[in-house]
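Below is input-v8.pdb, holding PDB, C-alpha atoms and all ligand atoms.
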ATOM      1  CA  MET D   1     -51.727 -34.627 -22.878  1.00  0.00           C
ATOM      2  CA  ASN D   2     -49.084 -36.451 -24.800  1.00  0.00           C
ATOM      3  CA  VAL D   3     -46.001 -36.727 -22.584  1.00  0.00           C
ATOM      4  CA  ILE D   4     -42.728 -37.626 -24.296  1.00  0.00           C
ATOM      5  CA  VAL D   5     -39.799 -38.454 -22.018  1.00  0.00           C
ATOM      6  CA  VAL D   6     -36.396 -38.563 -23.704  1.00  0.00           C
ATOM      7  CA  ASN D   7     -32.863 -39.088 -22.459  1.00  0.00           C
ATOM      8  CA  ASN D   8     -31.369 -35.644 -22.513  1.00  0.00           C
ATOM      9  CA  TYR D   9     -31.608 -32.017 -23.578  1.00  0.00           C
ATOM     10  CA  ALA D  10     -30.347 -32.696 -27.108  1.00  0.00           C
ATOM     11  CA  ARG D  11     -33.202 -35.159 -27.644  1.00  0.00           C
ATOM     12  CA  VAL D  12     -35.761 -32.717 -26.177  1.00  0.00           C
ATOM     13  CA  SER D  13     -34.568 -30.084 -28.657  1.00  0.00           C
ATOM     14  CA  GLU D  14     -34.728 -32.558 -31.526  1.00  0.00           C
ATOM     15  CA  GLU D  15     -38.309 -33.664 -30.730  1.00  0.00           C
ATOM     16  CA  VAL D  16     -39.545 -30.088 -30.532  1.00  0.00           C
ATOM     17  CA  ALA D  17     -37.635 -28.865 -33.594  1.00  0.00           C
ATOM     18  CA  LYS D  18     -39.106 -31.769 -35.587  1.00  0.00           C
ATOM     19  CA  ILE D  19     -42.633 -30.833 -34.490  1.00  0.00           C
ATOM     20  CA  ILE D  20     -42.026 -27.275 -35.733  1.00  0.00           C
ATOM     21  CA  ARG D  21     -40.535 -28.578 -38.985  1.00  0.00           C
ATOM     22  CA  ASN D  22     -43.533 -30.853 -39.574  1.00  0.00           C
ATOM     23  CA  GLN D  23     -45.886 -27.965 -38.838  1.00  0.00           C
ATOM     24  CA  LEU D  24     -44.129 -25.737 -41.404  1.00  0.00           C
ATOM     25  CA  LYS D  25     -44.065 -28.487 -44.011  1.00  0.00           C
ATOM     26  CA  ALA D  26     -47.763 -29.238 -43.544  1.00  0.00           C
ATOM     27  CA  LYS D  27     -48.693 -25.547 -43.546  1.00  0.00           C
ATOM     28  CA  PRO D  28     -45.988 -23.137 -44.768  1.00  0.00           C
ATOM     29  CA  SER D  29     -48.100 -20.144 -43.672  1.00  0.00           C
ATOM     30  CA  SER D  30     -48.262 -21.408 -40.075  1.00  0.00           C
ATOM     31  CA  VAL D  31     -48.610 -18.963 -37.213  1.00  0.00           C
ATOM     32  CA  LEU D  32     -46.053 -19.975 -34.596  1.00  0.00           C
ATOM     33  CA  GLY D  33     -45.994 -18.867 -30.973  1.00  0.00           C
ATOM     34  CA  LEU D  34     -42.396 -18.674 -29.763  1.00  0.00           C
ATOM     35  CA  ALA D  35     -40.682 -18.702 -26.382  1.00  0.00           C
ATOM     36  CA  THR D  36     -37.319 -17.415 -25.186  1.00  0.00           C
ATOM     37  CA  GLY D  37     -35.122 -18.407 -22.223  1.00  0.00           C
ATOM     38  CA  SER D  38     -32.654 -21.289 -21.968  1.00  0.00           C
ATOM     39  CA  SER D  39     -35.036 -24.132 -22.815  1.00  0.00           C
ATOM     40  CA  PRO D  40     -35.611 -23.463 -26.546  1.00  0.00           C
ATOM     41  CA  LEU D  41     -32.000 -22.553 -27.405  1.00  0.00           C
ATOM     42  CA  GLY D  42     -31.312 -26.063 -28.710  1.00  0.00           C
ATOM     43  CA  VAL D  43     -34.509 -25.942 -30.763  1.00  0.00           C
ATOM     44  CA  TYR D  44     -33.392 -22.699 -32.428  1.00  0.00           C
ATOM     45  CA  ASP D  45     -29.963 -24.247 -33.130  1.00  0.00           C
ATOM     46  CA  LEU D  46     -31.713 -27.047 -35.001  1.00  0.00           C
ATOM     47  CA  LEU D  47     -34.148 -24.755 -36.826  1.00  0.00           C
ATOM     48  CA  ARG D  48     -31.142 -22.828 -38.161  1.00  0.00           C
ATOM     49  CA  GLU D  49     -29.685 -26.129 -39.316  1.00  0.00           C
ATOM     50  CA  TYR D  50     -32.951 -27.202 -40.970  1.00  0.00           C
ATOM     51  CA  TYR D  51     -33.091 -23.832 -42.740  1.00  0.00           C
ATOM     52  CA  GLN D  52     -29.588 -24.432 -44.130  1.00  0.00           C
ATOM     53  CA  LYS D  53     -30.892 -27.750 -45.422  1.00  0.00           C
ATOM     54  CA  GLY D  54     -33.888 -26.146 -47.129  1.00  0.00           C
ATOM     55  CA  LEU D  55     -36.672 -25.644 -44.570  1.00  0.00           C
ATOM     56  CA  ASP D  56     -38.625 -22.582 -45.692  1.00  0.00           C
ATOM     57  CA  PHE D  57     -39.849 -20.047 -43.124  1.00  0.00           C
ATOM     58  CA  SER D  58     -40.783 -17.346 -45.633  1.00  0.00           C
ATOM     59  CA  CYS D  59     -44.556 -17.739 -45.394  1.00  0.00           C
ATOM     60  CA  ALA D  60     -44.742 -18.194 -41.614  1.00  0.00           C
ATOM     61  CA  THR D  61     -45.779 -15.647 -39.007  1.00  0.00           C
ATOM     62  CA  THR D  62     -44.415 -15.663 -35.448  1.00  0.00           C
ATOM     63  CA  PHE D  63     -45.620 -14.189 -32.180  1.00  0.00           C
ATOM     64  CA  ASN D  64     -43.434 -14.247 -29.094  1.00  0.00           C
ATOM     65  CA  LEU D  65     -44.922 -14.873 -25.694  1.00  0.00           C
ATOM     66  CA  ASP D  66     -43.476 -11.942 -23.855  1.00  0.00           C
ATOM     67  CA  GLU D  67     -41.058  -9.067 -23.425  1.00  0.00           C
ATOM     68  CA  TYR D  68     -39.718  -7.177 -20.420  1.00  0.00           C
ATOM     69  CA  VAL D  69     -41.211  -3.764 -19.744  1.00  0.00           C
ATOM     70  CA  GLY D  70     -38.661  -0.993 -20.259  1.00  0.00           C
ATOM     71  CA  LEU D  71     -36.037  -2.903 -22.253  1.00  0.00           C
ATOM     72  CA  GLU D  72     -35.240  -1.502 -25.687  1.00  0.00           C
ATOM     73  CA  PRO D  73     -35.016  -4.067 -28.515  1.00  0.00           C
ATOM     74  CA  ASP D  74     -31.244  -3.652 -28.644  1.00  0.00           C
ATOM     75  CA  HIS D  75     -30.772  -4.434 -24.935  1.00  0.00           C
ATOM     76  CA  PRO D  76     -28.850  -7.733 -24.818  1.00  0.00           C
ATOM     77  CA  ALA D  77     -31.270  -9.211 -22.255  1.00  0.00           C
ATOM     78  CA  SER D  78     -34.396  -8.198 -24.194  1.00  0.00           C
ATOM     79  CA  TYR D  79     -36.370 -10.890 -25.934  1.00  0.00           C
ATOM     80  CA  HIS D  80     -36.212  -8.867 -29.165  1.00  0.00           C
ATOM     81  CA  TYR D  81     -32.428  -9.180 -29.029  1.00  0.00           C
ATOM     82  CA  TYR D  82     -32.602 -12.890 -28.149  1.00  0.00           C
ATOM     83  CA  MET D  83     -34.899 -13.671 -31.087  1.00  0.00           C
ATOM     84  CA  GLN D  84     -32.831 -11.671 -33.578  1.00  0.00           C
ATOM     85  CA  LYS D  85     -29.673 -13.385 -32.421  1.00  0.00           C
ATOM     86  CA  ASN D  86     -30.958 -16.950 -32.201  1.00  0.00           C
ATOM     87  CA  LEU D  87     -33.465 -17.179 -35.026  1.00  0.00           C
ATOM     88  CA  PHE D  88     -34.740 -14.136 -36.932  1.00  0.00           C
ATOM     89  CA  SER D  89     -31.397 -13.058 -38.393  1.00  0.00           C
ATOM     90  CA  LYS D  90     -30.523 -16.653 -39.337  1.00  0.00           C
ATOM     91  CA  VAL D  91     -33.583 -17.927 -41.241  1.00  0.00           C
ATOM     92  CA  ASN D  92     -35.811 -16.498 -43.967  1.00  0.00           C
ATOM     93  CA  LEU D  93     -38.705 -15.348 -41.782  1.00  0.00           C
ATOM     94  CA  ASN D  94     -40.293 -12.173 -43.138  1.00  0.00           C
ATOM     95  CA  PRO D  95     -39.396  -9.405 -40.625  1.00  0.00           C
ATOM     96  CA  GLU D  96     -42.843  -7.916 -41.231  1.00  0.00           C
ATOM     97  CA  ARG D  97     -44.388 -11.046 -39.810  1.00  0.00           C
ATOM     98  CA  THR D  98     -42.281 -11.581 -36.676  1.00  0.00           C
ATOM     99  CA  PHE D  99     -44.042 -10.044 -33.707  1.00  0.00           C
ATOM    100  CA  ILE D 100     -42.892  -9.453 -30.142  1.00  0.00           C
ATOM    101  CA  PRO D 101     -44.711  -7.215 -27.674  1.00  0.00           C
ATOM    102  CA  LYS D 102     -42.986  -3.847 -27.336  1.00  0.00           C
ATOM    103  CA  GLY D 103     -41.916  -3.394 -23.726  1.00  0.00           C
ATOM    104  CA  THR D 104     -41.108   0.255 -24.337  1.00  0.00           C
ATOM    105  CA  ALA D 105     -44.416   1.218 -25.976  1.00  0.00           C
ATOM    106  CA  PRO D 106     -45.580   4.580 -24.609  1.00  0.00           C
ATOM    107  CA  ASP D 107     -49.058   3.170 -23.951  1.00  0.00           C
ATOM    108  CA  LEU D 108     -48.632  -0.422 -22.774  1.00  0.00           C
ATOM    109  CA  ALA D 109     -52.364  -1.123 -22.427  1.00  0.00           C
ATOM    110  CA  GLU D 110     -52.805  -0.117 -26.056  1.00  0.00           C
ATOM    111  CA  GLU D 111     -49.791  -2.261 -27.014  1.00  0.00           C
ATOM    112  CA  CYS D 112     -51.443  -5.292 -25.361  1.00  0.00           C
ATOM    113  CA  ARG D 113     -54.719  -4.669 -27.203  1.00  0.00           C
ATOM    114  CA  ARG D 114     -52.812  -4.259 -30.472  1.00  0.00           C
ATOM    115  CA  TYR D 115     -50.925  -7.521 -29.902  1.00  0.00           C
ATOM    116  CA  GLU D 116     -54.102  -9.520 -29.280  1.00  0.00           C
ATOM    117  CA  GLU D 117     -55.627  -8.018 -32.412  1.00  0.00           C
ATOM    118  CA  LEU D 118     -52.564  -8.937 -34.486  1.00  0.00           C
ATOM    119  CA  ILE D 119     -52.796 -12.549 -33.322  1.00  0.00           C
ATOM    120  CA  GLN D 120     -56.466 -12.665 -34.186  1.00  0.00           C
ATOM    121  CA  ARG D 121     -55.938 -11.030 -37.574  1.00  0.00           C
ATOM    122  CA  ALA D 122     -53.257 -13.618 -38.353  1.00  0.00           C
ATOM    123  CA  GLY D 123     -55.902 -16.300 -37.784  1.00  0.00           C
ATOM    124  CA  GLY D 124     -54.747 -17.392 -34.312  1.00  0.00           C
ATOM    125  CA  LEU D 125     -51.750 -19.482 -33.291  1.00  0.00           C
ATOM    126  CA  ASP D 126     -51.314 -22.840 -35.023  1.00  0.00           C
ATOM    127  CA  LEU D 127     -48.549 -24.017 -32.715  1.00  0.00           C
ATOM    128  CA  GLN D 128     -47.405 -22.458 -29.454  1.00  0.00           C
ATOM    129  CA  ILE D 129     -44.028 -23.397 -27.976  1.00  0.00           C
ATOM    130  CA  LEU D 130     -43.731 -23.006 -24.204  1.00  0.00           C
ATOM    131  CA  GLY D 131     -41.024 -23.300 -21.590  1.00  0.00           C
ATOM    132  CA  ILE D 132     -42.022 -23.561 -17.948  1.00  0.00           C
ATOM    133  CA  GLY D 133     -40.811 -21.576 -14.957  1.00  0.00           C
ATOM    134  CA  THR D 134     -39.635 -23.355 -11.810  1.00  0.00           C
ATOM    135  CA  ASN D 135     -42.819 -21.923 -10.243  1.00  0.00           C
ATOM    136  CA  GLY D 136     -45.010 -23.339 -13.029  1.00  0.00           C
ATOM    137  CA  HIS D 137     -45.419 -20.122 -15.009  1.00  0.00           C
ATOM    138  CA  ILE D 138     -45.986 -20.176 -18.775  1.00  0.00           C
ATOM    139  CA  GLY D 139     -45.189 -16.986 -20.636  1.00  0.00           C
ATOM    140  CA  PHE D 140     -44.946 -14.643 -17.672  1.00  0.00           C
ATOM    141  CA  ASN D 141     -48.261 -15.808 -16.271  1.00  0.00           C
ATOM    142  CA  GLU D 142     -47.194 -16.193 -12.678  1.00  0.00           C
ATOM    143  CA  PRO D 143     -48.885 -18.236  -9.913  1.00  0.00           C
ATOM    144  CA  GLY D 144     -52.202 -16.635  -9.027  1.00  0.00           C
ATOM    145  CA  CYS D 145     -52.788 -15.304 -12.554  1.00  0.00           C
ATOM    146  CA  ASN D 146     -56.235 -15.456 -14.088  1.00  0.00           C
ATOM    147  CA  PHE D 147     -57.007 -18.292 -16.504  1.00  0.00           C
ATOM    148  CA  GLY D 148     -59.172 -15.803 -18.455  1.00  0.00           C
ATOM    149  CA  SER D 149     -56.265 -13.425 -19.042  1.00  0.00           C
ATOM    150  CA  ARG D 150     -55.218 -11.952 -22.394  1.00  0.00           C
ATOM    151  CA  THR D 151     -52.025 -10.089 -23.270  1.00  0.00           C
ATOM    152  CA  ARG D 152     -51.340  -7.603 -20.488  1.00  0.00           C
ATOM    153  CA  VAL D 153     -48.696  -6.109 -18.235  1.00  0.00           C
ATOM    154  CA  VAL D 154     -47.729  -8.490 -15.436  1.00  0.00           C
ATOM    155  CA  SER D 155     -45.456  -8.251 -12.400  1.00  0.00           C
ATOM    156  CA  LEU D 156     -42.765 -10.885 -12.142  1.00  0.00           C
ATOM    157  CA  SER D 157     -42.748 -13.034  -9.006  1.00  0.00           C
ATOM    158  CA  ALA D 158     -39.777 -13.016  -6.636  1.00  0.00           C
ATOM    159  CA  SER D 159     -38.745 -16.506  -7.808  1.00  0.00           C
ATOM    160  CA  THR D 160     -38.794 -15.458 -11.487  1.00  0.00           C
ATOM    161  CA  LEU D 161     -36.714 -12.370 -10.718  1.00  0.00           C
ATOM    162  CA  ARG D 162     -34.206 -14.684  -9.016  1.00  0.00           C
ATOM    163  CA  ASP D 163     -34.277 -17.298 -11.794  1.00  0.00           C
ATOM    164  CA  ASN D 164     -33.817 -14.711 -14.560  1.00  0.00           C
ATOM    165  CA  ALA D 165     -31.062 -12.755 -12.798  1.00  0.00           C
ATOM    166  CA  ARG D 166     -28.603 -14.984 -14.674  1.00  0.00           C
ATOM    167  CA  PHE D 167     -29.354 -13.053 -17.869  1.00  0.00           C
ATOM    168  CA  PHE D 168     -28.459  -9.704 -16.243  1.00  0.00           C
ATOM    169  CA  ALA D 169     -25.391  -8.276 -14.481  1.00  0.00           C
ATOM    170  CA  THR D 170     -27.269  -8.163 -11.150  1.00  0.00           C
ATOM    171  CA  GLU D 171     -30.705  -9.257  -9.914  1.00  0.00           C
ATOM    172  CA  LYS D 172     -31.635  -5.596  -9.405  1.00  0.00           C
ATOM    173  CA  GLU D 173     -31.454  -5.059 -13.160  1.00  0.00           C
ATOM    174  CA  VAL D 174     -34.183  -7.621 -13.920  1.00  0.00           C
ATOM    175  CA  PRO D 175     -37.263  -5.588 -14.911  1.00  0.00           C
ATOM    176  CA  ALA D 176     -40.075  -6.018 -12.398  1.00  0.00           C
ATOM    177  CA  GLN D 177     -42.710  -6.174 -15.116  1.00  0.00           C
ATOM    178  CA  ALA D 178     -43.292  -7.727 -18.501  1.00  0.00           C
ATOM    179  CA  VAL D 179     -45.881  -7.752 -21.254  1.00  0.00           C
ATOM    180  CA  SER D 180     -47.105 -11.334 -21.580  1.00  0.00           C
ATOM    181  CA  MET D 181     -49.654 -13.205 -23.633  1.00  0.00           C
ATOM    182  CA  GLY D 182     -52.388 -14.306 -21.259  1.00  0.00           C
ATOM    183  CA  ILE D 183     -53.453 -17.826 -20.387  1.00  0.00           C
ATOM    184  CA  LYS D 184     -56.516 -17.492 -22.600  1.00  0.00           C
ATOM    185  CA  THR D 185     -54.346 -16.290 -25.500  1.00  0.00           C
ATOM    186  CA  ILE D 186     -52.119 -19.356 -25.104  1.00  0.00           C
ATOM    187  CA  MET D 187     -55.037 -21.756 -24.662  1.00  0.00           C
ATOM    188  CA  HIS D 188     -56.538 -20.607 -27.986  1.00  0.00           C
ATOM    189  CA  ALA D 189     -53.526 -22.013 -29.860  1.00  0.00           C
ATOM    190  CA  LYS D 190     -54.519 -25.061 -31.928  1.00  0.00           C
ATOM    191  CA  ASN D 191     -51.509 -27.064 -30.743  1.00  0.00           C
ATOM    192  CA  ILE D 192     -49.193 -26.501 -27.805  1.00  0.00           C
ATOM    193  CA  VAL D 193     -45.761 -27.962 -27.087  1.00  0.00           C
ATOM    194  CA  LEU D 194     -44.179 -27.489 -23.672  1.00  0.00           C
ATOM    195  CA  LEU D 195     -40.527 -28.377 -23.254  1.00  0.00           C
ATOM    196  CA  ALA D 196     -38.489 -28.694 -20.076  1.00  0.00           C
ATOM    197  CA  ASN D 197     -35.166 -30.085 -19.033  1.00  0.00           C
ATOM    198  CA  GLY D 198     -33.284 -30.477 -15.784  1.00  0.00           C
ATOM    199  CA  GLY D 199     -34.220 -31.479 -12.242  1.00  0.00           C
ATOM    200  CA  CYS D 200     -35.050 -27.890 -11.273  1.00  0.00           C
ATOM    201  CA  LYS D 201     -38.145 -28.174 -13.492  1.00  0.00           C
ATOM    202  CA  ALA D 202     -39.315 -31.565 -12.139  1.00  0.00           C
ATOM    203  CA  GLU D 203     -41.727 -30.185  -9.531  1.00  0.00           C
ATOM    204  CA  ALA D 204     -43.285 -27.694 -11.975  1.00  0.00           C
ATOM    205  CA  VAL D 205     -43.621 -30.410 -14.644  1.00  0.00           C
ATOM    206  CA  ARG D 206     -45.314 -32.724 -12.137  1.00  0.00           C
ATOM    207  CA  GLY D 207     -47.790 -29.958 -11.264  1.00  0.00           C
ATOM    208  CA  ALA D 208     -48.429 -29.199 -14.931  1.00  0.00           C
ATOM    209  CA  VAL D 209     -49.028 -32.817 -15.927  1.00  0.00           C
ATOM    210  CA  ARG D 210     -50.388 -34.573 -12.835  1.00  0.00           C
ATOM    211  CA  GLY D 211     -51.349 -31.884 -10.352  1.00  0.00           C
ATOM    212  CA  PRO D 212     -54.743 -30.281  -9.825  1.00  0.00           C
ATOM    213  CA  VAL D 213     -55.691 -27.625 -12.378  1.00  0.00           C
ATOM    214  CA  THR D 214     -55.052 -24.488 -10.390  1.00  0.00           C
ATOM    215  CA  GLU D 215     -54.099 -20.883 -10.997  1.00  0.00           C
ATOM    216  CA  ASN D 216     -51.382 -21.441  -8.381  1.00  0.00           C
ATOM    217  CA  LEU D 217     -49.536 -23.526 -10.965  1.00  0.00           C
ATOM    218  CA  PRO D 218     -50.438 -21.810 -14.248  1.00  0.00           C
ATOM    219  CA  ALA D 219     -49.106 -24.581 -16.537  1.00  0.00           C
ATOM    220  CA  SER D 220     -51.660 -27.000 -15.042  1.00  0.00           C
ATOM    221  CA  VAL D 221     -54.276 -25.266 -17.235  1.00  0.00           C
ATOM    222  CA  LEU D 222     -52.752 -27.145 -20.176  1.00  0.00           C
ATOM    223  CA  GLN D 223     -54.521 -30.286 -18.930  1.00  0.00           C
ATOM    224  CA  LEU D 224     -57.714 -28.636 -20.237  1.00  0.00           C
ATOM    225  CA  HIS D 225     -56.337 -28.172 -23.772  1.00  0.00           C
ATOM    226  CA  PRO D 226     -57.109 -30.882 -26.366  1.00  0.00           C
ATOM    227  CA  ALA D 227     -53.731 -30.903 -28.148  1.00  0.00           C
ATOM    228  CA  VAL D 228     -50.760 -30.536 -25.834  1.00  0.00           C
ATOM    229  CA  THR D 229     -47.424 -32.314 -26.163  1.00  0.00           C
ATOM    230  CA  VAL D 230     -44.999 -32.161 -23.242  1.00  0.00           C
ATOM    231  CA  VAL D 231     -41.392 -33.008 -24.127  1.00  0.00           C
ATOM    232  CA  VAL D 232     -39.090 -33.513 -21.141  1.00  0.00           C
ATOM    233  CA  ASP D 233     -35.756 -35.093 -20.367  1.00  0.00           C
ATOM    234  CA  GLN D 234     -35.352 -37.760 -17.672  1.00  0.00           C
ATOM    235  CA  ALA D 235     -34.442 -35.193 -15.011  1.00  0.00           C
ATOM    236  CA  ALA D 236     -37.461 -32.954 -15.643  1.00  0.00           C
ATOM    237  CA  ALA D 237     -39.652 -36.089 -15.699  1.00  0.00           C
ATOM    238  CA  GLY D 238     -38.175 -37.210 -12.378  1.00  0.00           C
ATOM    239  CA  LYS D 239     -41.322 -36.506 -10.339  1.00  0.00           C
ATOM    240  CA  LEU D 240     -43.955 -37.734 -12.787  1.00  0.00           C
TER     241      LEU D 240
HETATM  242  C1  LIG Y 301     -39.961 -17.157 -22.123  1.00  0.00           C
HETATM  243  C2  LIG Y 301     -41.063 -17.443 -21.199  1.00  0.00           C
HETATM  244  C3  LIG Y 301     -40.856 -18.142 -19.913  1.00  0.00           C
HETATM  245  C4  LIG Y 301     -39.784 -19.237 -19.954  1.00  0.00           C
HETATM  246  C5  LIG Y 301     -39.603 -19.857 -18.575  1.00  0.00           C
HETATM  247  C6  LIG Y 301     -38.500 -20.899 -18.560  1.00  0.00           C
HETATM  248  O1  LIG Y 301     -40.407 -16.479 -23.267  1.00  0.00           O
HETATM  249  O2  LIG Y 301     -42.153 -17.072 -21.488  1.00  0.00           O
HETATM  250  O3  LIG Y 301     -42.073 -18.705 -19.482  1.00  0.00           O
HETATM  251  O4  LIG Y 301     -40.147 -20.208 -20.874  1.00  0.00           O
HETATM  252  O5  LIG Y 301     -39.303 -18.863 -17.637  1.00  0.00           O
HETATM  253  O6  LIG Y 301     -37.296 -20.264 -18.802  1.00  0.00           O
HETATM  254  P1  LIG Y 301     -35.954 -21.095 -19.069  1.00  0.00           P
HETATM  255  O7  LIG Y 301     -36.163 -21.822 -20.331  1.00  0.00           O
HETATM  256  O8  LIG Y 301     -34.883 -20.027 -19.192  1.00  0.00           O
HETATM  257  O9  LIG Y 301     -35.777 -21.982 -17.897  1.00  0.00           O
END

Is it possible to give me this structure as structure tokens?
Ligand code: F6R
Amino acid sequence: MNVIVVNNYARVSEEVAKIIRNQLKAKPSSVLGLATGSSPLGVYDLLREYYQKGLDFSCATTFNLDEYVGLEPDHPASYHYYMQKNLFSKVNLNPERTFIPKGTAPDLAEECRRYEELIQRAGGLDLQILGIGTNGHIGFNEPGCNFGSRTRVVSLSASTLRDNARFFATEKEVPAQAVSMGIKTIMHAKNIVLLANGGCKAEAVRGAVRGPVTENLPASVLQLHPAVTVVVDQAAAGKL
């Protein structure tokens, strides 16, 4: 694992955005795995800026990690909405090659199978971007999940429901389930970048980087991957 500790959130965003830019320059048809949540917002700000300055996204394909079950794409807390707002509507990605699991698919098991197949047909993920939950989750692979898992429907843990309540009017509105890429799906990416900022992530980052590899802290599985970069600010690195 390559661990990069920088001063603050702006620098975290810059490091990660540069990695994505380099990936796209080296291989314009890259398959990118994308995350949502607070952590990558600064990265998307910069990607929009790079696009304005000429970075070309037109040949790339993207796959998002997850989506809430039951939220329509136009729901303001859905990850479809988030991606449209923060990236897809602002750069020249081909809408036919931006994929997010459909949380309202009538047959969710079929949707999960379809999603895995799409990733495989695209040639697999070249670069997966990950945030990390305060409980060590990646995607919505919660503590106790199976390291052999593929895209599937998962139940969100109590701590994730609490953490994500900030994106909804009340905690009760947070969907109890999500469709998430599995750990095995993520681990098949050629390169992985995990970003984290803030003291509330310090314990999870310590577990991911230094702790035992255990399904109780899903991000610890990244220690078994040959090409992982962890980019954290001083606060998130506070327990390393
Ligand atoms: C988001 C995702 C989650 C988040 C994690 C951290 O697509 O899969 O694993 O990365 O919950 O969220 P933030 O960045 O909001 O702290």

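Residues in contact with Ile19 in chain D at 9 Å, where all atoms listed in the file are counted and same-chain residues fewer than 5 positions away are skipped, are listed as Glu14, Leu24 and Val193 of chain D.
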
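Taking CA of Asn146 in chain D as the reference point, CA of Ser38 in chain D is found at 25.5 Å.
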
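Residues with any atom within 12 Å of Ala77 in chain D, counting only C-alpha atoms and excluding same-chain neighbours fewer than 4 positions away, are Thr36, Gly37, Glu67, Tyr68, Val69, Gly70, Leu71, Glu72, Pro73, Tyr81, Tyr82, Met83, Gln84, Lys85, Asn164, Ala165, Arg166, Phe167, Phe168, Ala169, Thr170, Glu173, Val174 and Pro175 of chain D.
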
- [ ] For Ala236 in chain D, work out the shell of residues within 8 Å, counting all atoms listed in the file and skipping chain neighbours fewer than 3 positions away, then give it as a PyMOL selection string.
- [x] chain D and resi 196-203+205+232-233+239

- [ ] Starting from the shown file, work through the PyMOL selection byres (((not hetatm)) within 8 of (chain Y and resi 301)) and note down what comes out as a PyMOL selection string.
- [x] chain D and resi 34-40+64-67+79+130-134+137-141+160+163-164+180+196+201

Task: Answer key for the PyMOL selection byres (((chain D and resi 215-222) around 10) and not hetatm), residues as a PyMOL selection string - done: chain D and resi 1+130-147+183-184+186-187+192-194+204-214+223-230

Take the residues from that selection and put them in a file with C-alpha atoms, as an mmCIF file, keeping the file's coordinate frame.
data_model
loop_
_atom_site.group_PDB
_atom_site.id
_atom_site.type_symbol
_atom_site.label_atom_id
_atom_site.label_comp_id
_atom_site.auth_asym_id
_atom_site.auth_seq_id
_atom_site.Cartn_x
_atom_site.Cartn_y
_atom_site.Cartn_z
ATOM 1 C CA MET D 1 -51.727 -34.627 -22.878
ATOM 2 C CA LEU D 130 -43.731 -23.006 -24.204
ATOM 3 C CA GLY D 131 -41.024 -23.300 -21.590
ATOM 4 C CA ILE D 132 -42.022 -23.561 -17.948
ATOM 5 C CA GLY D 133 -40.811 -21.576 -14.957
ATOM 6 C CA THR D 134 -39.635 -23.355 -11.810
ATOM 7 C CA ASN D 135 -42.819 -21.923 -10.243
ATOM 8 C CA GLY D 136 -45.010 -23.339 -13.029
ATOM 9 C CA HIS D 137 -45.419 -20.122 -15.009
ATOM 10 C CA ILE D 138 -45.986 -20.176 -18.775
ATOM 11 C CA GLY D 139 -45.189 -16.986 -20.636
ATOM 12 C CA PHE D 140 -44.946 -14.643 -17.672
ATOM 13 C CA ASN D 141 -48.261 -15.808 -16.271
ATOM 14 C CA GLU D 142 -47.194 -16.193 -12.678
ATOM 15 C CA PRO D 143 -48.885 -18.236 -9.913
ATOM 16 C CA GLY D 144 -52.202 -16.635 -9.027
ATOM 17 C CA CYS D 145 -52.788 -15.304 -12.554
ATOM 18 C CA ASN D 146 -56.235 -15.456 -14.088
ATOM 19 C CA PHE D 147 -57.007 -18.292 -16.504
ATOM 20 C CA ILE D 183 -53.453 -17.826 -20.387
ATOM 21 C CA LYS D 184 -56.516 -17.492 -22.600
ATOM 22 C CA ILE D 186 -52.119 -19.356 -25.104
ATOM 23 C CA MET D 187 -55.037 -21.756 -24.662
ATOM 24 C CA ILE D 192 -49.193 -26.501 -27.805
ATOM 25 C CA VAL D 193 -45.761 -27.962 -27.087
ATOM 26 C CA LEU D 194 -44.179 -27.489 -23.672
ATOM 27 C CA ALA D 204 -43.285 -27.694 -11.975
ATOM 28 C CA VAL D 205 -43.621 -30.410 -14.644
ATOM 29 C CA ARG D 206 -45.314 -32.724 -12.137
ATOM 30 C CA GLY D 207 -47.790 -29.958 -11.264
ATOM 31 C CA ALA D 208 -48.429 -29.199 -14.931
ATOM 32 C CA VAL D 209 -49.028 -32.817 -15.927
ATOM 33 C CA ARG D 210 -50.388 -34.573 -12.835
ATOM 34 C CA GLY D 211 -51.349 -31.884 -10.352
ATOM 35 C CA PRO D 212 -54.743 -30.281 -9.825
ATOM 36 C CA VAL D 213 -55.691 -27.625 -12.378
ATOM 37 C CA THR D 214 -55.052 -24.488 -10.390
ATOM 38 C CA GLN D 223 -54.521 -30.286 -18.930
ATOM 39 C CA LEU D 224 -57.714 -28.636 -20.237
ATOM 40 C CA HIS D 225 -56.337 -28.172 -23.772
ATOM 41 C CA PRO D 226 -57.109 -30.882 -26.366
ATOM 42 C CA ALA D 227 -53.731 -30.903 -28.148
ATOM 43 C CA VAL D 228 -50.760 -30.536 -25.834
ATOM 44 C CA THR D 229 -47.424 -32.314 -26.163
ATOM 45 C CA VAL D 230 -44.999 -32.161 -23.242
#

Set up a box along x, y and z of the file covering all listed atoms of range 144-163 of chain D, add 5 Å on every one of the six sides, and write the centre and edge lengths in Å to one decimal, as lines of an AutoDock Vina configuration file.
center_x = -46.7
center_y = -12.2
center_z = -15.0
size_x = 35.0
size_y = 22.2
size_z = 26.6

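Shortest separation to Gln128 in chain D among D:Ala237, D:Ala17, D:Ala189, D:Val12 occurs at residue D:Ala189, atoms counted being all atoms listed in the file.
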
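Residues surrounding Tyr44 in chain D within 9 Å are Ser13, Ala17, Asn86 and Leu87 of chain D [only C-alpha atoms; sequence separation below 6 positions excluded].
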